[in-house]
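Notes follow once the structure below has been shown.
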Amino acid sequence: MPQRGPGFGLLGPLQLSVDGTVVPIGTPKQRAVLAFLVMNRNRPMAADSVINAVWGEDAPSEARASLHAYVSNLRRLLTTAGVDGKNMLEKVSPGYRLNVEEMEVDLGRFIHEKNKGVQAATEGRYNDASRHYTTALAQWRGDVLEDLRAFDFVSVFATAMAEDRIATHIALAESEIACGRAKNMISDMERLVSDHPFREPAWEQLMIAYYLSARQSDALDAYRRLKTILADELGIDPSPPLRQLHERILRQEPMDPAPQSENTITRTFISLANQSAINTGKSRAQLRSAATGECFPVKGTATRIGRRSDNDIVLNDPRVSRHHAVIIDTGTSFMLIDARSANGVELNHSRVRGSGPLVDGCHVRIGELDFRFEIEAR
């Protein structure tokens with residue numbers, strides 16, 4: 001697409017580009033400041049939050065002055081790129097805000113295309129889903145911010161995004177297999193299980209791809225390899241779904257290549273539930289209890305909801321599952337996901353099938369509890 005302003009890249013080494021030309025950004029700390037602001041784009045970030053992220057809790061006394069100098073340098077870089085640097089990197093209380101269109105950031109494009117793929121898959125449009133997932137994955141140039149991994153805030157973010165990339169690869173495999181192109185995914189899935197040997201959903205797609213390509217022995221061998229890895233490294237057996245798939249292949253049962261749409265939703269997003277997002281301490285949205293008026297903040301990339309204490313929102317209701325639902329903040333929108341709960345989730349009085357979009361004022365029912373979803377006014 002034509003670039004309307006500076007482009008920012010997080011899915012690889014940090015990148016600032018103008019009309020396809022990469023612009024040098026400066027010292028590692030100056031790069032880290034820009035990376036933090038791009039990660040939290042379009043949100044006011046307190047100067048103290050930036051300092052804690054880049055310099056750490058034991059930041060030297062001169063860190064604030066250094067931050068101001070780096071911001072001035074970055075504004076000059078943006079100005080040379082043809083935009084108003086002060087307006088793009090704006091001074092706002094209590095610190096700074098980088099104002100940038102989502103589609104000018106590779107992460108924004110990745111999220112946009114991935115979400116389009118999920119929507120297409122839920123509607124059974126697997127060719128469209130495959131196209132969107134492929135475009136999403138094409139945004140990656142390497143490991144997330146691989147040039148800044150010495151900074152703790154980058155390591156957390158990179159780990160979270162790596163999980164999302166794996167989930168999208170698996171969703172792509174599902175869609176390609178559903179389109180009758182199982183053979184095309186075998187080499188990709190072999191690479192994925194080699195790089196991430198404990199990801200059972202990847203092994204599942206590899207087994208299915210082999211089986212639907214009339215390579216039953218290779219499908220069975222993939223299961224044997226997984227079983228050996230899990231036993232030797234973790235001391236466990238494959239999960240029940242993998243064992244059931246193995247039995248079906250042994251019996252040479254017919255297999256429908258099209259997955260259940262809920263599975264695609266879950267595999268693409270549920271890994272986000274365990275990700276640690278950059279958290280400013282402030283929420284962009286909340287769930288308000290209809291009964292008590294109590295507000296539960298929605299923070300970070302994923303807000304987990306359930307009965308167990310390790311959730312972000314803990315609900316003491318016997319009809320609420322241990323891990324019941326997840327709210328995903330993509331940065332531009334919110335999605336509500338049923339995390340395979342026993343009693344389901346309702347959105348505006350309709351049962352959620354996999355996931356559904358959340359907008360301001362939505363009614364959400366979890367177990368026997370009713371909530372109103374509210375988005376903070378900007």
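Following the order of the structure tokens, chains are lettered A, B, ..., residues in each are numbered from 1, and ligands are numbered from 1.
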Practice task
Do a neighbour search on stretch 306-323 of chain A at 7 Å with only C-alpha atoms, toss out local chain neighbours closer than 3 positions, and write the hits as a count of residues only.
Solution key: 9
Exercise for the section: Find the residues near A:Phe198: any atom within 12 Å, counting only C-alpha atoms, skip ones fewer than 6 places away on the same chain, and give them as a VMD selection string. Expected result: chain A and resid 166 192 204 225 to 234 236 to 239
Compile a residue-level contact table for stretch 4-39 of chain A against stretch 99-120 of chain A at a cut-off of 9 Å, reporting for every qualifying residue the shortest atom pair and its distance in Å to one decimal, with only C-alpha atoms counted, rows ordered by chain and ascending number, as JSON lines.
{"residue": "A:Arg4", "atom": "CA", "partner": "A:Glu104", "partner_atom": "CA", "distance": 8.0}
{"residue": "A:Gly5", "atom": "CA", "partner": "A:Glu104", "partner_atom": "CA", "distance": 7.4}
{"residue": "A:Pro6", "atom": "CA", "partner": "A:Glu104", "partner_atom": "CA", "distance": 7.1}
{"residue": "A:Gly7", "atom": "CA", "partner": "A:Glu104", "partner_atom": "CA", "distance": 4.9}
{"residue": "A:Phe8", "atom": "CA", "partner": "A:Val105", "partner_atom": "CA", "distance": 4.8}
{"residue": "A:Gly9", "atom": "CA", "partner": "A:Asp106", "partner_atom": "CA", "distance": 5.3}
{"residue": "A:Leu10", "atom": "CA", "partner": "A:Leu107", "partner_atom": "CA", "distance": 6.5}
{"residue": "A:Leu11", "atom": "CA", "partner": "A:Leu107", "partner_atom": "CA", "distance": 6.5}
{"residue": "A:Val38", "atom": "CA", "partner": "A:Val105", "partner_atom": "CA", "distance": 8.0}
{"residue": "A:Met39", "atom": "CA", "partner": "A:Leu107", "partner_atom": "CA", "distance": 8.7}
Those same residues - N, CA and C atoms - I'd like them written as a PDB file, in the first residue's frame.
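To be explicit, this is the file written out as again-v3.pdb:
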ATOM      1  N   ARG A   4       1.664   6.815   3.574  1.00  0.00           N
ATOM      2  CA  ARG A   4       1.227   8.204   3.691  1.00  0.00           C
ATOM      3  C   ARG A   4       2.105   8.994   4.642  1.00  0.00           C
ATOM      4  N   GLY A   5       2.820   8.329   5.513  1.00  0.00           N
ATOM      5  CA  GLY A   5       3.691   8.978   6.478  1.00  0.00           C
ATOM      6  C   GLY A   5       4.784   8.019   6.866  1.00  0.00           C
ATOM      7  N   PRO A   6       5.554   8.348   7.895  1.00  0.00           N
ATOM      8  CA  PRO A   6       6.590   7.424   8.328  1.00  0.00           C
ATOM      9  C   PRO A   6       5.988   6.068   8.698  1.00  0.00           C
ATOM     10  N   GLY A   7       6.700   5.004   8.369  1.00  0.00           N
ATOM     11  CA  GLY A   7       6.275   3.666   8.736  1.00  0.00           C
ATOM     12  C   GLY A   7       7.126   3.152   9.884  1.00  0.00           C
ATOM     13  N   PHE A   8       6.500   2.391  10.775  1.00  0.00           N
ATOM     14  CA  PHE A   8       7.192   1.887  11.949  1.00  0.00           C
ATOM     15  C   PHE A   8       7.141   0.361  11.946  1.00  0.00           C
ATOM     16  N   GLY A   9       8.255  -0.264  12.309  1.00  0.00           N
ATOM     17  CA  GLY A   9       8.334  -1.716  12.326  1.00  0.00           C
ATOM     18  C   GLY A   9       8.760  -2.239  13.674  1.00  0.00           C
ATOM     19  N   LEU A  10       7.963  -3.159  14.231  1.00  0.00           N
ATOM     20  CA  LEU A  10       8.288  -3.844  15.483  1.00  0.00           C
ATOM     21  C   LEU A  10       8.549  -5.324  15.263  1.00  0.00           C
ATOM     22  N   LEU A  11       8.047  -5.861  14.142  1.00  0.00           N
ATOM     23  CA  LEU A  11       8.110  -7.308  13.902  1.00  0.00           C
ATOM     24  C   LEU A  11       9.416  -7.662  13.196  1.00  0.00           C
ATOM     25  N   VAL A  38       6.020   3.288  20.212  1.00  0.00           N
ATOM     26  CA  VAL A  38       5.299   2.633  19.116  1.00  0.00           C
ATOM     27  C   VAL A  38       4.442   1.491  19.668  1.00  0.00           C
ATOM     28  N   MET A  39       4.993   0.737  20.600  1.00  0.00           N
ATOM     29  CA  MET A  39       4.221  -0.348  21.205  1.00  0.00           C
ATOM     30  C   MET A  39       2.960   0.184  21.882  1.00  0.00           C
TER      31      MET A  39
END
Exercise for the section: Just the alpha helix (DSSP H) stuff from stretch 178-249 of chain A, please, per backbone DSSP, written as a ChimeraX atom specification. Expected result: /A:178,182-195,200-212,216-233,240-249
Exercise for the section: Grab the atom CA of A:Pro13 to atom CA of A:Ala160 distance for me, in Å with one decimal place. Expected result: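 It comes out at 16.1 Å.
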If we count only C-alpha atoms and set the cut-off at 10 Å, which residues sit around A:Gly180, ignoring sequence neighbours fewer than 2 positions away in its own chain? Please answer as a compact mmCIF listing (two decimals) with N, CA, C and O atoms, in the first residue's frame.
# COMPACT_ATOMS: atom_id res chain seq x y z
N SER A 175 -6.70 -23.50 7.67
CA SER A 175 -7.42 -22.97 6.51
C SER A 175 -6.94 -23.61 5.22
O SER A 175 -7.75 -23.95 4.34
N GLU A 176 -5.63 -23.76 5.06
CA GLU A 176 -5.09 -24.39 3.86
C GLU A 176 -5.56 -25.84 3.74
O GLU A 176 -5.92 -26.30 2.65
N ILE A 177 -5.58 -26.55 4.84
CA ILE A 177 -6.05 -27.94 4.84
C ILE A 177 -7.53 -27.98 4.48
O ILE A 177 -7.98 -28.83 3.70
N ALA A 178 -8.31 -27.04 5.02
CA ALA A 178 -9.74 -26.98 4.71
C ALA A 178 -9.98 -26.71 3.24
O ALA A 178 -11.02 -27.10 2.68
N ALA A 182 -3.64 -29.63 1.84
CA ALA A 182 -2.89 -30.17 2.97
C ALA A 182 -1.43 -30.42 2.61
O ALA A 182 -0.52 -30.14 3.42
N LYS A 183 -1.19 -30.91 1.41
CA LYS A 183 0.18 -31.24 1.00
C LYS A 183 1.09 -30.01 1.06
O LYS A 183 2.28 -30.12 1.38
N ASN A 184 0.52 -28.85 0.76
CA ASN A 184 1.33 -27.62 0.74
C ASN A 184 1.83 -27.21 2.11
O ASN A 184 2.77 -26.42 2.22
N ALA A 209 -2.34 -33.09 7.97
CA ALA A 209 -1.83 -32.82 6.62
C ALA A 209 -1.25 -34.09 5.99
O ALA A 209 -1.49 -34.37 4.81
N LEU A 212 -4.28 -36.58 5.20
CA LEU A 212 -5.09 -36.19 4.06
C LEU A 212 -4.29 -36.18 2.76
O LEU A 212 -4.88 -36.09 1.68
N SER A 213 -2.98 -36.28 2.86
CA SER A 213 -2.13 -36.39 1.66
C SER A 213 -1.79 -37.85 1.36
O SER A 213 -0.86 -38.13 0.60
N PRO A 257 -11.70 -32.30 6.19
CA PRO A 257 -10.59 -31.35 6.30
C PRO A 257 -10.98 -30.01 6.90
O PRO A 257 -10.12 -29.27 7.37
N ALA A 258 -12.27 -29.68 6.91
CA ALA A 258 -12.70 -28.38 7.42
C ALA A 258 -12.80 -28.43 8.93
O ALA A 258 -13.51 -29.28 9.48
Practice task
Run DSSP on the backbone and give me the residues of stretch 35-274 of chain A it puts in strand (DSSP E), as a PyMOL selection string.
Solution key: chain A and resi 45-46+89-92+95-98
Could you take the residues named above and write them with N, CA, C and O atoms, as a PDB file, in the first residue's frame?
ATOM      1  N   MET A  45       1.620   8.251  27.472  1.00  0.00           N
ATOM      2  CA  MET A  45       2.531   7.482  28.289  1.00  0.00           C
ATOM      3  C   MET A  45       3.267   8.406  29.237  1.00  0.00           C
ATOM      4  O   MET A  45       3.914   9.371  28.812  1.00  0.00           O
ATOM      5  N   ALA A  46       3.152   8.115  30.530  1.00  0.00           N
ATOM      6  CA  ALA A  46       3.837   8.944  31.519  1.00  0.00           C
ATOM      7  C   ALA A  46       5.340   8.871  31.318  1.00  0.00           C
ATOM      8  O   ALA A  46       5.885   7.813  30.974  1.00  0.00           O
ATOM      9  N   LEU A  89       4.831  13.197  17.716  1.00  0.00           N
ATOM     10  CA  LEU A  89       5.316  12.788  19.034  1.00  0.00           C
ATOM     11  C   LEU A  89       4.949  13.926  19.979  1.00  0.00           C
ATOM     12  O   LEU A  89       5.720  14.844  20.219  1.00  0.00           O
ATOM     13  N   GLU A  90       3.745  13.845  20.493  1.00  0.00           N
ATOM     14  CA  GLU A  90       3.096  14.974  21.166  1.00  0.00           C
ATOM     15  C   GLU A  90       3.393  14.975  22.661  1.00  0.00           C
ATOM     16  O   GLU A  90       3.432  13.932  23.312  1.00  0.00           O
ATOM     17  N   LYS A  91       3.601  16.162  23.204  1.00  0.00           N
ATOM     18  CA  LYS A  91       3.740  16.321  24.655  1.00  0.00           C
ATOM     19  C   LYS A  91       2.349  16.424  25.253  1.00  0.00           C
ATOM     20  O   LYS A  91       1.591  17.353  24.960  1.00  0.00           O
ATOM     21  N   VAL A  92       1.973  15.428  26.042  1.00  0.00           N
ATOM     22  CA  VAL A  92       0.668  15.421  26.693  1.00  0.00           C
ATOM     23  C   VAL A  92       0.866  15.005  28.144  1.00  0.00           C
ATOM     24  O   VAL A  92       1.831  14.318  28.479  1.00  0.00           O
ATOM     25  N   GLY A  95       3.035  12.809  29.995  1.00  0.00           N
ATOM     26  CA  GLY A  95       4.289  12.527  29.316  1.00  0.00           C
ATOM     27  C   GLY A  95       4.203  12.762  27.825  1.00  0.00           C
ATOM     28  O   GLY A  95       4.122  13.915  27.380  1.00  0.00           O
ATOM     29  N   TYR A  96       4.156  11.682  27.059  1.00  0.00           N
ATOM     30  CA  TYR A  96       4.196  11.787  25.592  1.00  0.00           C
ATOM     31  C   TYR A  96       3.199  10.810  24.961  1.00  0.00           C
ATOM     32  O   TYR A  96       2.824   9.793  25.550  1.00  0.00           O
ATOM     33  N   ARG A  97       2.801  11.139  23.745  1.00  0.00           N
ATOM     34  CA  ARG A  97       1.951  10.231  22.960  1.00  0.00           C
ATOM     35  C   ARG A  97       2.428  10.263  21.511  1.00  0.00           C
ATOM     36  O   ARG A  97       2.608  11.327  20.926  1.00  0.00           O
ATOM     37  N   LEU A  98       2.641   9.061  20.957  1.00  0.00           N
ATOM     38  CA  LEU A  98       2.991   8.942  19.538  1.00  0.00           C
ATOM     39  C   LEU A  98       1.707   8.726  18.761  1.00  0.00           C
ATOM     40  O   LEU A  98       1.033   7.705  18.926  1.00  0.00           O
TER      41      LEU A  98
END
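For the set A:Asp256, A:Asp338, A:Asp218, A:Glu294, the residue with the smallest atom-to-atom gap to A:Ser355 is A:Asp338, counting only C-alpha atoms.
Minimum distance to A:Arg141 across A:Ser217, A:Ser49, A:Gln15, A:Ser61 (counting only C-alpha atoms) occurs at A:Gln15.
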Practice task
Identify, on the basis of only C-alpha atoms, every residue whose closest approach to A:Ala32 does not exceed 12 Å; exclude the query and any residue fewer than 5 positions from it along the same chain; express the result as a PyMOL selection string.
Solution key: chain A and resi 10+13-15+25-27+37-39+50-56+67+70-71+74+145-155
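Between A:Leu220 and the candidates A:Ile249, A:His349, A:Trp203, A:Leu242, the tightest atom-to-atom separation, counting only C-alpha atoms, involves A:Ile249.
Computed from the coordinates, the atom CA of A:Asp164 to atom CA of A:Leu137 distance equals 10.3 Å.
Using only C-alpha atoms, the nearest neighbour of A:Arg251 within the list A:Gly235, A:Tyr211, A:Ser66, A:Pro60 is A:Tyr211.
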Handout entry: 12 Å contact set for A:Ser187, only C-alpha atoms, chain neighbours under 5 positions out, as an MDAnalysis selection string
Key = chainID A and resid 173 182 192:194 202 205:207 209:210
